[in-house]
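What follows is a set of notes on a single structure, which appears directly below.
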Amino acid sequence: MSGDLVPRAGDAAPMKADADNRYKAVQNKLKGLATALDDAALELESLWRSTRANADRTEEVSRDSEHADLDPKFVELTSNVAEALHGASRRLSTLHDSTQETATLTHRTQRTHAKLYGPLDDIRSNRRVKTPKPAFFNN
């Protein structure tokens, strides 16, 4: 079926979670996460629209079946499927909204991180002398 959920090849975490907290590494991790969340939001919106359309169509089939005097058992089963699809559609909408909000916050975090630490990274990156590690002065 064209609506079957099939994992994409190469699906993995957007960025490796590790202990590398250098400025550019953190920026890359935030960018990867934000991109993955943006992509997920688009896919969730598509899935939500498809599920909602299937729910509406199944509801129509249930009504048509009832008007055609089909066995009430089948009318009820079709109606139950329509109700379940509507419920799934609502949950997908909520998940999409949460994903979109998280993506927006991740983009904002990346910009804030760049604003706060970018100038410091520029200074450290352009020095010819070796710079102490970040926690050196806290000891």
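Chain labels run A, B, ... following the order of the structure tokens; each chain numbers its residues from 1, and ligands are numbered from 1 in the order shown.
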
Q: Extract, using only C-alpha atoms, all DNA, RNA and protein residues at most 12 Å from Ala82 of chain A, discarding same-chain residues fewer than 4 positions from it, and format them as a list of chain:residue names.
A: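 Final neighbour list, sorted by chain and number: A:Thr51, A:Arg52, A:Ala53, A:Asn54, A:Ala55, A:Asp56, A:Arg57, A:Thr58, A:Glu59, A:Glu60, A:Val61, A:Ser62, A:Arg63, A:Val75, A:Glu76, A:Leu77, A:Thr78, A:His86, A:Gly87, A:Ala88, A:Ser89.
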
Q) Quick one: of A:His96, A:Lys133, A:Arg124, A:His113, who's nearest to Asp39 of chain A, counting only C-alpha atoms? A)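 Closest residue, counting only C-alpha atoms: A:His96.
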
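For the pair atom CA of Leu37 of chain A and atom CA of Lys16 of chain A, the interatomic distance is 15.1 Å.
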
Would you tabulate, counting only C-alpha atoms, all residues of segment 1-120 of chain A that have an atom at most 12 Å from an atom of segment 125-128 of chain A, showing the closest pair of atoms and their distance in Å to one decimal, sorted by chain then ascending number, as a Markdown table?
```
| residue | atom | partner | partner_atom | distance |
| --- | --- | --- | --- | --- |
| A:Arg22 | CA | A:Ser125 | CA | 11.1 |
| A:Tyr23 | CA | A:Ser125 | CA | 10.2 |
| A:Lys24 | CA | A:Ser125 | CA | 10.5 |
| A:Tyr117 | CA | A:Ser125 | CA | 11.9 |
| A:Gly118 | CA | A:Ser125 | CA | 10.2 |
| A:Pro119 | CA | A:Ser125 | CA | 9.8 |
| A:Leu120 | CA | A:Ser125 | CA | 8.5 |
```

Q: Find the spatial neighbours of Thr106 of chain A, counting only C-alpha atoms, within a cut-off of 8 Å - ignore same-chain residues fewer than 6 positions away - and output them as a ChimeraX atom specification.
A: /A:30,33-34

Requested write-out: all heavy atoms of the selected residues, as a PDB file, in the first residue's frame:
```pdb
ATOM      1  N   LEU A  30      23.232  21.706  17.094  1.00  0.00           N
ATOM      2  CA  LEU A  30      21.972  22.456  17.117  1.00  0.00           C
ATOM      3  C   LEU A  30      21.380  22.582  15.714  1.00  0.00           C
ATOM      4  O   LEU A  30      20.164  22.437  15.530  1.00  0.00           O
ATOM      5  CB  LEU A  30      22.176  23.841  17.742  1.00  0.00           C
ATOM      6  CG  LEU A  30      22.402  23.859  19.248  1.00  0.00           C
ATOM      7  CD1 LEU A  30      22.860  25.239  19.706  1.00  0.00           C
ATOM      8  CD2 LEU A  30      21.141  23.436  19.988  1.00  0.00           C
ATOM      9  N   LEU A  33      19.941  19.178  14.723  1.00  0.00           N
ATOM     10  CA  LEU A  33      18.685  18.919  15.429  1.00  0.00           C
ATOM     11  C   LEU A  33      17.550  19.771  14.860  1.00  0.00           C
ATOM     12  O   LEU A  33      16.442  19.278  14.616  1.00  0.00           O
ATOM     13  CB  LEU A  33      18.851  19.194  16.927  1.00  0.00           C
ATOM     14  CG  LEU A  33      17.610  19.017  17.785  1.00  0.00           C
ATOM     15  CD1 LEU A  33      17.071  17.589  17.691  1.00  0.00           C
ATOM     16  CD2 LEU A  33      17.904  19.398  19.228  1.00  0.00           C
ATOM     17  N   ALA A  34      17.829  21.045  14.631  1.00  0.00           N
ATOM     18  CA  ALA A  34      16.794  21.936  14.087  1.00  0.00           C
ATOM     19  C   ALA A  34      16.333  21.472  12.708  1.00  0.00           C
ATOM     20  O   ALA A  34      15.127  21.458  12.418  1.00  0.00           O
ATOM     21  CB  ALA A  34      17.320  23.369  14.017  1.00  0.00           C
TER      22      ALA A  34
END
```

Q. So which residues of segment 10-129 of chain A fall under alpha helix (DSSP H) by DSSP, listed as a VMD selection string?
A. chain A and resid 23 to 67 72 to 125

Q: Measure the distance from atom CA of Ser79 of chain A to atom CA of Leu95 of chain A in Å and round it to one decimal.
A: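 Between atom CA of Ser79 of chain A and atom CA of Leu95 of chain A the gap is 24.3 Å.
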
Q: Please provide the set of residues having any atom within 8 Å of Ala40 of chain A, restricted to only C-alpha atoms, with same-chain residues fewer than 4 positions apart removed, written as a ChimeraX atom specification.
A: /A:36,44,99

Dump of C-alpha atoms for the selected residues, as a PDB file, in the first residue's frame:
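Dumped to part-v4.pdb:
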```
ATOM      1  CA  ALA A  36      15.725  17.137  11.672  1.00  0.00           C
ATOM      2  CA  LEU A  44       3.954  15.014  10.400  1.00  0.00           C
ATOM      3  CA  THR A  99       7.600  19.389  16.937  1.00  0.00           C
TER       4      THR A  99
END
```
